[in-house]
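Since the structure comes first, as structure tokens, the remarks are kept for the end.
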Amino acid sequence: MPTVPMVRQDDWNGVQIPTVMSADSAPLARGGQSLARGIADMGQAAAHIAGVMDRVRERKIQEEELSLVDSWRSAQIGAWDGRPADAPGAEPVRGVKDWGEGDGSAVEAMRETWKAWRDDPEGPYAKASPEARRRADRVLMADTARAFSLAAQKDVALSEARRRTAAEASLATAERAASMYARDDALFTGAAADAADQAARLKLGRLIANPAEPDAEKLVFKTEHGRALYGALRAEALDRLGHERARTLVQDAGTAETEASAAAGIAQAARVAETLPPALRADALSALETAKAKRLDGMLGAARAEPDLDKRERLAAAAEAAAKSYGAGGKLLGAVTEEAGRIRAAAQGEENRLALAALAEGRPYEPGDNPRRQAALKAARPKYEAAQARARQRTLTGNAEFLGAMIGAGAWVDAEGNVAALDLDGRRELLRAQLDAGNIRIPDYLAQKARLDKIEASGRRPRYERAAADVSAALAEEIKTLWTDGGARLAAGEDPARKILDYTLAETKRELVPEVEEVSRGYTGGILFGGGPATQRRETGRLVERETVVKRKRELLASDVAKVIDLLTAADDADGLMADIDGNPATPAERIDARAYKARLIADIKARQLAVDLDTQAAAIYDALSGRRREQAVLEARAITRAAGLGFAAGTGTEDDDLEDDDAD
Amino acid sequence: MCDLVSVAIALSATAVAGTLAGTGVSVYASQQQGKFQKDMANYQADLARQRAELAGQNAEIQAARLAEQRRMATAAGMTEFAANGMLIDGDPNSAPNVWEQDMAAETAWQQEELRTQAMYEAWGLNANASMLKAEGGMARKGAILEGWGTGLSGIGEAAGYAADGYDRAQKYGSN
């Protein structure tokens, strides 16, 4: 069986049948939605535009309303408070609120202003829209009501003020009349009655039915108590006027030209014051007392300020008399009397000083029959004598002090002004001559004589004289200037204890300080660029002694002269002793060479420069001398005990013990 | 004050101008988009129609190729029949002749099948072309509607801006 080839459908490479698609309507729907949204947006835009138009209209109405209200307020303020001139150069328009008498009714004026503004055909009210006008009316109603109310109040106040002004003018006239007639009782009574009537009318103005009635008796009152009230007010006004009258009288009396008119015014014021009720009376009397006191005080003040003493006493007496004529009593009279006494005492004290000055200056002082002058002379004479005695005493004391220094120095200035040294006898003569001349007193004489006697007895007279001569020669120039009349007394204006000269005290101070050396560091900046080698200061770590000379200013007093002379004399005694002359414990004591020491001290005084303070030198030398005396005393005591066979002294025990042992043996 | 008014007017004018310009651009863009979509759909429809034509032509080519293959296979079978001693004659009932007739009948049937398939494919492609054309038209109409909507919104918005500007200018001018 042959194979039969078969053709299958798969081998045809057959076509694929395409699926049939459906149309998409989405773009159309989207377009429709977009169109619907656009239409809706148009609707919203229309609504929005309508809202905007409504707002614009509302705003315009509000602006119109505000403009209306502002226009009226401007007109109202211009009318009420005034406004600048309408034309250049004209007077400003005065406001209704400042209107016064004769300017008319404020209410009418404001009403005219309102009508003129509202009915002006060219004005803003006529031109405004009905809606704006309706709204503005609500505000304008309140504004106009307030303006008319203010105007009405002003009208009422003006009419009231008019009535009061008239009444006050009447009252002022009546009161002025009462014040003018204060000195005359009859005239014052009539004027005061009128014034009191006017015052009562002024206060009761609204209660009187017929205020134009001139007769007070025919007045008709609106209430029952009106008449009683009128009487009370009238009485009160009368009292007040009486009080015013009393004060006027007091014031007049206080400034009266003459004492008689012052006394009369004071008496009348006191009489008027007595008629017043208690409170006013106390015030009037107090014012009266003040016026009296002020007047009297003025008189006493004039007396105090018066330079002529006789006139001053007369013025004080006049014040006393016036106080009595014013009827002043009690404290015021006592005070015036006391002050007059003080014035007289002050005049007496001044007179006493004048008398004392006249006596002191040797001028003639004639008291005559003036009791004040007589008393002054009597009081001044003992004072003058006591002052003279005191001056003499002072002179003598000064002389004694000064002569002491002078005699201590042994120097004298003769009548020609030459300086010479005195020996001891010369000094004795000088001392005696001063005593005889009354320049010094006996105690001073005795004290100085005792010093001379002591020098005489010490056996060192030549030494003292030599020292005195050296010192006086060294001080000659300064001593001369202090004495006068050949040394008889101290020159005027000189202090006996004053300095003779200024000198410089040059003290040498020694102290240990760190040593400093300067080291060269070579040419650190380079030798080509100029400049020297650089140096550096540094401490070496060692201590070196440094001497510093400290100079101080000192004064040599008159009393120091004798001290110098004693020091020179003592230096001879201390020759060869060890003494710490410079007073510095750090330096060792030196041996005193009397000749060299004295020469140096004299030279130092001549040069006005000391190396060591005088007191320090004296202390060192006297210390050395007393040390030697102490040693001598010990030696003497030891010698005495040894001679007497006693063994109390130290250092001799060995020999004594030996002797005792020998005796025992 | 005048400065504020000027600033308000200038800002509003800028906003209105900007909005109108934006709206115009949007409308133009919508139109262009719709046009493009319609053109694209027409182009797709033309392509589908061409493919339908091609399907018919392809079916004829396939049918010819099938007939040729069948003839070659029938000839080979007949040759095989002859090689095996079968007599090839005009007897319509002899086996080789019956087999040859069957083969010819099946070839004709399969050619018809191919043509039917091609017809169906062309129908589908033509239907798609119609759909694409209809869709292009709808896109174009939708774009036009969208352009109108955008234009209305833009005009409304611009009018709102203009009204606001007027309001502010009035307010600042009155103050």
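In the structure tokens, chains take the letters A, B, ... in the order shown, each chain's residues start at 1, and ligands count up from 1 in the order shown.
All chain B residues having an atom within 6 Å of chain A, based on only C-alpha atoms, amount to Glu121, Gly124, Asn128, Met131, Glu135, Met138, Ala139, Gly142, Ala143, Leu145, Glu146, Trp148, Gly149, Thr150, Leu152, Ser153, Gly156, Gly160 and Ala163 of chain B.
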Checklist entry - Can you list, as a ChimeraX atom specification, every protein, DNA or RNA residue that comes within 7 Å of region 96-101 of chain A when you count only C-alpha atoms, leaving out same-chain residues fewer than 6 positions away? => result /A:79-81
For the selection just defined, write its residues with N, CA and C atoms to a file, as a PDB file, in the first residue's frame.
```
ATOM      1  N   ALA A  79     -19.005 127.330  64.331  1.00  0.00           N
ATOM      2  CA  ALA A  79     -19.932 128.278  64.948  1.00  0.00           C
ATOM      3  C   ALA A  79     -19.716 128.349  66.458  1.00  0.00           C
ATOM      4  N   TRP A  80     -19.481 127.204  67.108  1.00  0.00           N
ATOM      5  CA  TRP A  80     -19.422 127.167  68.584  1.00  0.00           C
ATOM      6  C   TRP A  80     -18.059 127.624  69.092  1.00  0.00           C
ATOM      7  N   ASP A  81     -16.965 127.104  68.480  1.00  0.00           N
ATOM      8  CA  ASP A  81     -15.625 127.420  68.975  1.00  0.00           C
ATOM      9  C   ASP A  81     -14.985 128.572  68.232  1.00  0.00           C
TER      10      ASP A  81
END
```
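Between CA of Met180 (chain A) and CA of Ala237 (chain A) lies a distance of 16.7 Å.
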Item to check | Arg206 (chain A) environment, 12 Å, only C-alpha atoms, sequence neighbours closer than 3 positions dropped, as a PyMOL selection string | outcome: chain A and resi 160+163-164+200-203+209-211+220-223+226+230
Using only C-alpha atoms, please write the residues we just selected to a file, as a PDB file, in the first residue's frame.
```pdb
ATOM      1  CA  GLU A 160     -27.431 134.264  86.017  1.00  0.00           C
ATOM      2  CA  ARG A 163     -27.781 139.202  87.705  1.00  0.00           C
ATOM      3  CA  ARG A 164     -24.873 138.368  90.035  1.00  0.00           C
ATOM      4  CA  ALA A 200     -28.050 139.741 101.933  1.00  0.00           C
ATOM      5  CA  ARG A 201     -29.866 140.511  98.663  1.00  0.00           C
ATOM      6  CA  LEU A 202     -27.048 138.946  96.660  1.00  0.00           C
ATOM      7  CA  LYS A 203     -27.201 135.715  98.566  1.00  0.00           C
ATOM      8  CA  ALA A 209     -40.082 138.141  94.840  1.00  0.00           C
ATOM      9  CA  ASN A 210     -39.477 141.885  94.220  1.00  0.00           C
ATOM     10  CA  PRO A 211     -35.694 142.261  93.934  1.00  0.00           C
ATOM     11  CA  VAL A 220     -41.434 140.258  99.714  1.00  0.00           C
ATOM     12  CA  PHE A 221     -39.960 136.788 100.190  1.00  0.00           C
ATOM     13  CA  LYS A 222     -41.016 133.664  98.367  1.00  0.00           C
ATOM     14  CA  THR A 223     -40.740 131.399 101.444  1.00  0.00           C
ATOM     15  CA  GLY A 226     -36.821 134.126 103.789  1.00  0.00           C
ATOM     16  CA  TYR A 230     -32.326 137.753 105.304  1.00  0.00           C
TER      17      TYR A 230
END
```
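Atom to atom, CA of Gln111 (chain B) and CA of Asn58 (chain B) stand 12.0 Å apart.
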Checklist entry - Residues at most 10 Å from region 95-103 of chain B, counting only C-alpha atoms, excluding those fewer than 5 positions away in the same chain, as a ChimeraX atom specification? => result /A:4-7 /B:70-71,73-75,77-82,86-90,108-109
Item to check | Shell of 7 Å around region 347-360 of chain A, only C-alpha atoms, local chain residues under 6 positions omitted, as a PyMOL selection string | outcome: chain A and resi 309+372-373+376-377+379-380+384
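A straight line drawn from CA of Val16 (chain B) to CA of Ala159 (chain B) is 7.4 Å long.
Proximity ranking of A:Ile343, A:Ala468, A:Ala193, A:Ala291 relative to Leu315 (chain A) places A:Ile343 first, based on only C-alpha atoms.
The residue set within 9 Å of Glu511 (chain A), counting only C-alpha atoms and dropping same-chain residues fewer than 2 places from it, reads Lys509, Val513, Val544, Glu545, Arg546, Glu547 and Thr548 of chain A.
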Keeping N, CA and C atoms, export the residues of the selection given above as a PDB file, in the first residue's frame.
```
ATOM      1  N   LYS A 509      72.942 106.949 105.651  1.00  0.00           N
ATOM      2  CA  LYS A 509      72.194 105.714 105.931  1.00  0.00           C
ATOM      3  C   LYS A 509      72.899 104.584 105.195  1.00  0.00           C
ATOM      4  N   VAL A 513      72.002  95.886  99.960  1.00  0.00           N
ATOM      5  CA  VAL A 513      71.065  95.757  98.828  1.00  0.00           C
ATOM      6  C   VAL A 513      71.607  94.712  97.858  1.00  0.00           C
ATOM      7  N   VAL A 544      75.469  93.923  98.669  1.00  0.00           N
ATOM      8  CA  VAL A 544      76.528  94.910  98.870  1.00  0.00           C
ATOM      9  C   VAL A 544      75.982  96.013  99.764  1.00  0.00           C
ATOM     10  N   GLU A 545      76.894  96.736 100.473  1.00  0.00           N
ATOM     11  CA  GLU A 545      76.475  97.807 101.353  1.00  0.00           C
ATOM     12  C   GLU A 545      76.342  99.090 100.533  1.00  0.00           C
ATOM     13  N   ARG A 546      75.210  99.802 100.728  1.00  0.00           N
ATOM     14  CA  ARG A 546      75.020 101.044  99.988  1.00  0.00           C
ATOM     15  C   ARG A 546      74.822 102.167 100.985  1.00  0.00           C
ATOM     16  N   GLU A 547      75.500 103.266 100.758  1.00  0.00           N
ATOM     17  CA  GLU A 547      75.384 104.437 101.629  1.00  0.00           C
ATOM     18  C   GLU A 547      74.459 105.457 100.974  1.00  0.00           C
ATOM     19  N   THR A 548      73.502 105.945 101.760  1.00  0.00           N
ATOM     20  CA  THR A 548      72.579 106.952 101.236  1.00  0.00           C
ATOM     21  C   THR A 548      72.619 108.141 102.174  1.00  0.00           C
TER      22      THR A 548
END
```
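Between Glu507 (chain A) and the candidates A:Arg118, A:Arg463, A:Arg538, A:Lys551, the tightest atom-to-atom separation, counting only C-alpha atoms, involves A:Lys551.
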